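Visitor: Let me give you the structure first, and then I'll get to my questions.
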Amino acid sequence: MPLVAHRPLPSFDRLRREGATVLSDDYALRQDIREMHIGLLNMMPDAALEATERQFFRLVGESNQIAQFYVHPFTLDSIPRSPEGRAHVERYYQGFEQLRATGLDALIITGANVTGTELSAQPFWEPLIEVIDWAAREVTSTLCSCLATHAVLEFRYGQRRHPLPAKRWGVYQHRVIERRHPLVAGANTRFDVPHSRFNEIRREQFDAAGLKVLVQSDAGDVHLAVSEDLFRLVFFQGHPEYDTISLLKEYKREVGRFLHGEREDYPPFPEHYFDARTQAVLNEYRERCEVARPHRGELPPFPEHLIVARLDNTWHDSAESILNNWLGNIYQVMGNVRRETFKAGVDPRDPLGLVRVLAEPVREV
C-alpha cells in the first residue's frame, strides 16, 4: 500500500521522482476505500482454462494482502469449446454484457491458442476488438498477456508480429530499462520471465507505435511495455503468471505428441529451466522410449516425480511486485464508485502524471 507524506520530508519528494506511490496527507484523509473489480478475459482453450484462472487469481491475490479483489472471469462466445468447457463457462463465468453494465476497474486479457498465421482470421478477433474498445473508454487500465499483446499491437497500432526462427521457450533474464515508472518500483533491476511463443513484436515496433518499453531481455526481447499515456494499456510478452511446473507440463505434452506421431521431432528442452541432473534423467527417458517405440513396446512412464522437486521458480516474486504496483496505481486513480473510470481531476491521457517526468533525461544518483 502507498506511503502517506504526513510531514514535509524531502525524502518523500525524492521517492516520488523515483516512481514510488506517495500520497499527500490531505488526499489520504479524503480517500474513499473500496473493493476493486478486476475482469479476467480468459481466451485459453479448454485444457488450459482452469489452470490459467488459477495462475492469474494467485498472482492477483498474493500481490496484496490488504485490498479486496473481486475477479470476474469471462470469455468470448466465438471461441470453440467442448461440451465440458462450455459447461464450466456457463456455470462459473459471467457474460461480457453483464460486466459491461456493472463496470470493471481493471482488466486482464490472457493469451490464446491460434490456428494458422493470421491473427485477424481467429474467431476471437472481432469480439476482442470490441472488448478493447470498450475498455479504452470505461476501464482504468488493461493488462494484455502474450498473444493478447500481439493482437492489440496489430489492430490498434498496426504492428504485426514476426515469426521466430524457432520457438522461444524457457526462462530468460530481463533488465528494467526505465526505473522511474511506478510499475517497476521495488522490483529487482534484473529478473527472470518465462516465455513460450513462436512469434514476437520487436523492440523497434514498440518504439514505432509510441509505446514505452520498461523491461527487456539482454537479447532485446521486450517483456513489459505501456501505452503512450504510460498506464491505460500494459503489455506482457512473457508469462510471469506461470507456475513453477508450467513449462514442465508443456514439455511433457510435447514429448507425448512426438511419441504419438503428432510431431516429427523430439522436443528440445526449455532453455534455462532444467538443471543438468534433470536433463540427464530426461535424456535417459528419451533413450528408453526410442528403444521401446520401434518394437511397439510399452512406453515408460514420464519421470515427472523425479523432476518437480528440482525445479526453481526465479520469476514469481518480481511478477507479484509488478502486479501489486499495477493494482495499487489503479486504486489511486480509479473512481470512488464502480463504473467511474477515474477520480475527478485525473487526466485519462496521463493518469499517473508521468508523461512529462519520463520525457526528461534520467538524473544521476
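Each chain in the C-alpha cells gets a letter, A, B, ..., in the order shown, and its residues are numbered from 1; ligands are numbered from 1 in order too.
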Tell me, as a PyMOL selection string, which residues lie within 7 Å of His72 (chain A), counting only C-alpha atoms; anything in the same chain fewer than 4 positions away does not count.
Guide: chain A and resi 38-40+94
Visitor: Taking the DSSP assignment computed from this structure's backbone, write out as a ChimeraX atom specification all residues of region 140-218 of chain A that belong to strand (DSSP E or B).
Guide: /A:141-145,162-176,190-200,212-217
Visitor: Taking the chain letters and numbering used in this document, name the residues of region 4-175 of chain A that DSSP puts in alpha helix (DSSP H), as an NGL selection string.
Guide: :A and (10-17 or 25-30 or 46-63 or 83-92 or 96-102 or 125-138 or 147-157)
Visitor: Pick the closest to Leu211 (chain A) from A:Val355, A:Asn325, A:Leu15, A:Asp133: which is it, counting only C-alpha atoms?
Guide: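 Ranked by minimum distance to Leu211 (chain A), first place goes to A:Val355.
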Visitor: Give me, as a list in words, all polymer residues having an atom no more than 8 Å from region 151-166 of chain A, counting only C-alpha atoms and skipping those fewer than 2 positions away in the same chain.
Guide: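 Here the answer would be Leu119, Trp125, Ile129, Leu147, Ala148, Thr149, Arg168, Phe198, Asn199, Glu200, Ile201, Arg202, Gln205 and Ala209 of chain A.
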Visitor: Could those residues be written to a file, using C-alpha atoms, as a PDB file, in the first residue's frame?
Guide:
```
ATOM      1  CA  LEU A 119      -4.471 -13.219 -36.119  1.00  0.00           C
ATOM      2  CA  TRP A 125     -10.531 -11.210 -33.414  1.00  0.00           C
ATOM      3  CA  ILE A 129     -11.568  -5.574 -30.592  1.00  0.00           C
ATOM      4  CA  LEU A 147      -0.812 -13.285 -27.670  1.00  0.00           C
ATOM      5  CA  ALA A 148      -3.283 -10.633 -26.479  1.00  0.00           C
ATOM      6  CA  THR A 149      -0.362  -8.183 -26.691  1.00  0.00           C
ATOM      7  CA  ARG A 168      11.176 -19.002 -27.782  1.00  0.00           C
ATOM      8  CA  PHE A 198       6.596 -18.770 -31.857  1.00  0.00           C
ATOM      9  CA  ASN A 199       6.270 -15.072 -32.702  1.00  0.00           C
ATOM     10  CA  GLU A 200       7.429 -11.696 -31.432  1.00  0.00           C
ATOM     11  CA  ILE A 201       6.790  -7.988 -31.521  1.00  0.00           C
ATOM     12  CA  ARG A 202      10.237  -6.426 -31.838  1.00  0.00           C
ATOM     13  CA  GLN A 205       7.901  -1.925 -33.322  1.00  0.00           C
ATOM     14  CA  ALA A 209       3.959   2.664 -32.046  1.00  0.00           C
TER      15      ALA A 209
END
```
Visitor: For region 137-188 of chain A versus region 264-281 of chain A, which residues have an atom no more than 9 Å away, and what is each residue's nearest atom pair and distance in Å rounded to one decimal, using only C-alpha atoms, chain-then-number order, as a Markdown table?
Guide:
```
| residue | atom | partner | partner_atom | distance |
| --- | --- | --- | --- | --- |
| A:Arg168 | CA | A:Pro270 | CA | 8.4 |
| A:Trp169 | CA | A:Pro270 | CA | 5.1 |
| A:Gly170 | CA | A:Glu271 | CA | 4.3 |
| A:Val171 | CA | A:His272 | CA | 5.5 |
| A:Tyr172 | CA | A:His272 | CA | 6.9 |
```
Visitor: Which polymer residues have any atom within 12 Å of an atom of Arg54 (chain A), counting only C-alpha atoms, with same-chain residues fewer than 4 positions away left out, as a list in words?
Guide: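 Selected residues are Leu40, Asn42, Ala48, Leu49, Glu50, Arg58, Leu59, Val60, Gly61, Glu62, Val71, Pro73, Glu241, Tyr242, Asp243 and Ser246 of chain A.
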Visitor: Write out the residues from the selection above, keeping N, CA and C atoms, as a compact mmCIF listing (two decimals), in the first residue's frame.
Guide:
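Everything below was put into selection_23.txt:
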```
# COMPACT_ATOMS: atom_id res chain seq x y z
N LEU A 40 -11.21 -10.87 -15.87
CA LEU A 40 -10.23 -11.78 -16.45
C LEU A 40 -10.84 -12.36 -17.72
N ASN A 42 -10.55 -14.74 -20.26
CA ASN A 42 -9.80 -15.98 -20.42
C ASN A 42 -10.07 -16.54 -21.81
N ALA A 48 -6.50 -25.66 -20.85
CA ALA A 48 -5.75 -24.72 -20.02
C ALA A 48 -6.65 -23.71 -19.32
N LEU A 49 -7.96 -23.85 -19.45
CA LEU A 49 -8.88 -22.84 -18.96
C LEU A 49 -8.76 -22.65 -17.45
N GLU A 50 -8.88 -23.73 -16.68
CA GLU A 50 -8.86 -23.62 -15.22
C GLU A 50 -7.46 -23.32 -14.70
N ARG A 58 -4.00 -16.41 -8.48
CA ARG A 58 -2.93 -16.49 -7.49
C ARG A 58 -2.06 -15.24 -7.54
N LEU A 59 -1.73 -14.81 -8.74
CA LEU A 59 -0.86 -13.65 -8.89
C LEU A 59 -1.53 -12.39 -8.33
N VAL A 60 -2.81 -12.22 -8.59
CA VAL A 60 -3.54 -11.07 -8.06
C VAL A 60 -3.66 -11.18 -6.55
N GLY A 61 -4.09 -12.34 -6.06
CA GLY A 61 -4.34 -12.49 -4.64
C GLY A 61 -3.11 -12.38 -3.77
N GLU A 62 -1.97 -12.86 -4.28
CA GLU A 62 -0.75 -12.82 -3.48
C GLU A 62 -0.03 -11.48 -3.57
N VAL A 71 -12.48 -10.83 -8.66
CA VAL A 71 -12.04 -11.15 -10.01
C VAL A 71 -13.21 -11.81 -10.74
N PRO A 73 -14.17 -13.70 -14.02
CA PRO A 73 -13.75 -14.35 -15.27
C PRO A 73 -14.87 -14.31 -16.30
N GLU A 241 2.94 -15.13 -15.06
CA GLU A 241 1.92 -15.82 -14.26
C GLU A 241 2.18 -17.32 -14.15
N TYR A 242 3.11 -17.86 -14.94
CA TYR A 242 3.33 -19.31 -14.97
C TYR A 242 3.65 -19.86 -13.58
N ASP A 243 3.13 -21.06 -13.32
CA ASP A 243 3.52 -21.81 -12.13
C ASP A 243 4.92 -22.38 -12.34
N SER A 246 4.76 -25.13 -14.96
CA SER A 246 4.06 -24.90 -16.22
C SER A 246 4.88 -25.34 -17.44
```
Visitor: Need the shell around Leu76 (chain A): protein/DNA/RNA residues with any atom at most 9 Å away, counting only C-alpha atoms. Skip same-chain ones fewer than 5 positions apart. Format as a PDB file with C-alpha atoms, in the first residue's frame?
Guide:
```
ATOM      1  CA  LEU A  41     -10.894 -12.359 -20.147  1.00  0.00           C
ATOM      2  CA  ASN A  42      -9.796 -15.982 -20.422  1.00  0.00           C
ATOM      3  CA  MET A  43      -9.241 -16.884 -24.081  1.00  0.00           C
ATOM      4  CA  GLY A  95     -21.126 -12.614 -19.665  1.00  0.00           C
ATOM      5  CA  PHE A  96     -19.371  -9.628 -21.192  1.00  0.00           C
ATOM      6  CA  PRO A 123     -12.529 -16.452 -34.011  1.00  0.00           C
ATOM      7  CA  PHE A 124     -11.678 -14.094 -31.153  1.00  0.00           C
ATOM      8  CA  PRO A 127     -15.032  -9.729 -30.256  1.00  0.00           C
ATOM      9  CA  LEU A 128     -11.625  -8.895 -28.750  1.00  0.00           C
TER      10      LEU A 128
END
```
Visitor: Can you tell me how far CA of Trp315 (chain A) sits from CA of Met36 (chain A), in Å to one decimal?
Guide: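 Between these atoms lies a distance of 25.2 Å.
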Visitor: Can you tell me, as a list in words, what residues are no more than 8 Å from region 134-142 of chain A when counting only C-alpha atoms, ignoring any on the same chain fewer than 5 positions away?
Guide: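 Near region 134-142 of chain A, the qualifying residues are Gly103, Leu104, Asp105, Ala106, Leu107, Ile108, Ile109, Phe231, Arg232, Leu233, Val234, Ile330, Val333, Met334, Arg339, Glu340, Thr341 and Phe342 of chain A.
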Visitor: Deliver the residues from the most recent selection as a file, using N, CA and C atoms, as a short mmCIF file (atom, residue, chain, number, x, y, z; two decimals), in the first residue's frame.
Guide:
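Output (again_25.cif):
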```cif
data_model
loop_
_atom_site.label_atom_id
_atom_site.label_comp_id
_atom_site.auth_asym_id
_atom_site.auth_seq_id
_atom_site.Cartn_x
_atom_site.Cartn_y
_atom_site.Cartn_z
N GLY A 103 -19.57 -2.68 -14.84
CA GLY A 103 -18.30 -1.97 -14.85
C GLY A 103 -17.16 -2.75 -14.22
N LEU A 104 -15.93 -2.42 -14.66
CA LEU A 104 -14.71 -3.00 -14.12
C LEU A 104 -13.71 -1.89 -13.86
N ASP A 105 -12.87 -2.10 -12.85
CA ASP A 105 -11.78 -1.15 -12.57
C ASP A 105 -10.52 -1.51 -13.34
N ALA A 106 -10.31 -2.80 -13.55
CA ALA A 106 -9.11 -3.30 -14.23
C ALA A 106 -9.51 -4.50 -15.07
N LEU A 107 -8.70 -4.79 -16.07
CA LEU A 107 -8.97 -5.92 -16.96
C LEU A 107 -7.66 -6.62 -17.30
N ILE A 108 -7.67 -7.96 -17.20
CA ILE A 108 -6.54 -8.80 -17.63
C ILE A 108 -7.03 -9.64 -18.79
N ILE A 109 -6.27 -9.68 -19.88
CA ILE A 109 -6.62 -10.48 -21.05
C ILE A 109 -5.53 -11.53 -21.25
N PHE A 231 -0.02 4.13 -18.96
CA PHE A 231 -0.71 3.31 -17.96
C PHE A 231 -1.97 2.61 -18.46
N ARG A 232 -2.71 3.17 -19.40
CA ARG A 232 -4.01 2.61 -19.74
C ARG A 232 -3.92 1.20 -20.31
N LEU A 233 -2.87 0.92 -21.07
CA LEU A 233 -2.61 -0.42 -21.59
C LEU A 233 -1.23 -0.87 -21.11
N VAL A 234 -1.18 -2.06 -20.54
CA VAL A 234 0.07 -2.67 -20.08
C VAL A 234 0.27 -3.95 -20.88
N ILE A 330 -3.74 1.69 -10.04
CA ILE A 330 -5.14 1.77 -10.46
C ILE A 330 -5.99 2.29 -9.30
N VAL A 333 -6.12 6.09 -8.80
CA VAL A 333 -6.71 6.99 -9.79
C VAL A 333 -8.13 6.59 -10.20
N MET A 334 -8.58 5.38 -9.86
CA MET A 334 -9.91 4.96 -10.28
C MET A 334 -10.97 5.74 -9.50
N ARG A 339 -17.86 1.81 -12.08
CA ARG A 339 -18.29 2.40 -13.35
C ARG A 339 -17.82 3.84 -13.51
N GLU A 340 -17.06 4.35 -12.55
CA GLU A 340 -16.44 5.67 -12.68
C GLU A 340 -14.97 5.42 -12.96
N THR A 341 -14.54 5.66 -14.20
CA THR A 341 -13.21 5.22 -14.63
C THR A 341 -12.09 5.91 -13.86
N PHE A 342 -12.22 7.22 -13.63
CA PHE A 342 -11.18 7.98 -12.94
C PHE A 342 -11.79 8.90 -11.90
#
```
Visitor: When you count only C-alpha atoms, which of these residues is closest to His150 (chain A): A:Pro45, A:Gly111, A:Pro303, A:Gly186?
Guide: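 The answer is A:Gly111, which sits nearest to His150 (chain A).
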Visitor: Please provide the set of residues having any atom within 12 Å of Ala359 (chain A), restricted to only C-alpha atoms, with same-chain residues fewer than 2 positions apart removed, written as a list of chain:residue names.
Guide: A:Glu178, A:Arg180, A:His181, A:Lys212, A:Glu228, A:Asp229, A:Leu230, A:Gly353, A:Leu354, A:Val355, A:Arg356, A:Val357, A:Pro361, A:Val362, A:Arg363
Visitor: Pull C-alpha atoms from the residues just selected and write them as a PDB file, in the first residue's frame.
Guide:
```pdb
ATOM      1  CA  GLU A 178      13.112   2.573 -17.230  1.00  0.00           C
ATOM      2  CA  ARG A 180      11.279   5.683 -12.881  1.00  0.00           C
ATOM      3  CA  HIS A 181       7.981   4.087 -13.853  1.00  0.00           C
ATOM      4  CA  LYS A 212       7.197   2.921 -23.607  1.00  0.00           C
ATOM      5  CA  GLU A 228       1.615   6.209 -24.843  1.00  0.00           C
ATOM      6  CA  ASP A 229      -0.293   7.531 -21.807  1.00  0.00           C
ATOM      7  CA  LEU A 230       2.040   5.286 -19.734  1.00  0.00           C
ATOM      8  CA  GLY A 353       1.127  12.303 -14.259  1.00  0.00           C
ATOM      9  CA  LEU A 354       4.191  10.642 -15.784  1.00  0.00           C
ATOM     10  CA  VAL A 355       4.331  11.845 -19.373  1.00  0.00           C
ATOM     11  CA  ARG A 356       6.466  14.913 -18.632  1.00  0.00           C
ATOM     12  CA  VAL A 357       8.526  13.116 -15.966  1.00  0.00           C
ATOM     13  CA  PRO A 361      16.545  12.583 -19.126  1.00  0.00           C
ATOM     14  CA  VAL A 362      17.473  10.279 -16.246  1.00  0.00           C
ATOM     15  CA  ARG A 363      19.228  12.155 -13.438  1.00  0.00           C
TER      16      ARG A 363
END
```
Visitor: Here is a test: counting only C-alpha atoms, which residue of A:Ala112, A:Leu352, A:Ile177, A:Leu311 is nearest to Ser145 (chain A)?
Guide: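 The closest residue to Ser145 (chain A) is A:Ala112.
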Visitor: From the set A:Ala47, A:Val131, A:Ala121, A:Ala67, which residue has the shortest atom-to-atom contact distance to Glu84 (chain A), counting only C-alpha atoms?
Guide: A:Ala47
Visitor: Calculated over only C-alpha atoms, which of the candidates A:His305, A:Arg197, A:His223, A:Arg17 has the smallest distance to Ile245 (chain A)?
Guide: A:His305
Visitor: Would you mind reading off the distance between CA of Phe191 (chain A) and CA of Asn324 (chain A), one decimal, in Å?
Guide: 16.1 Å
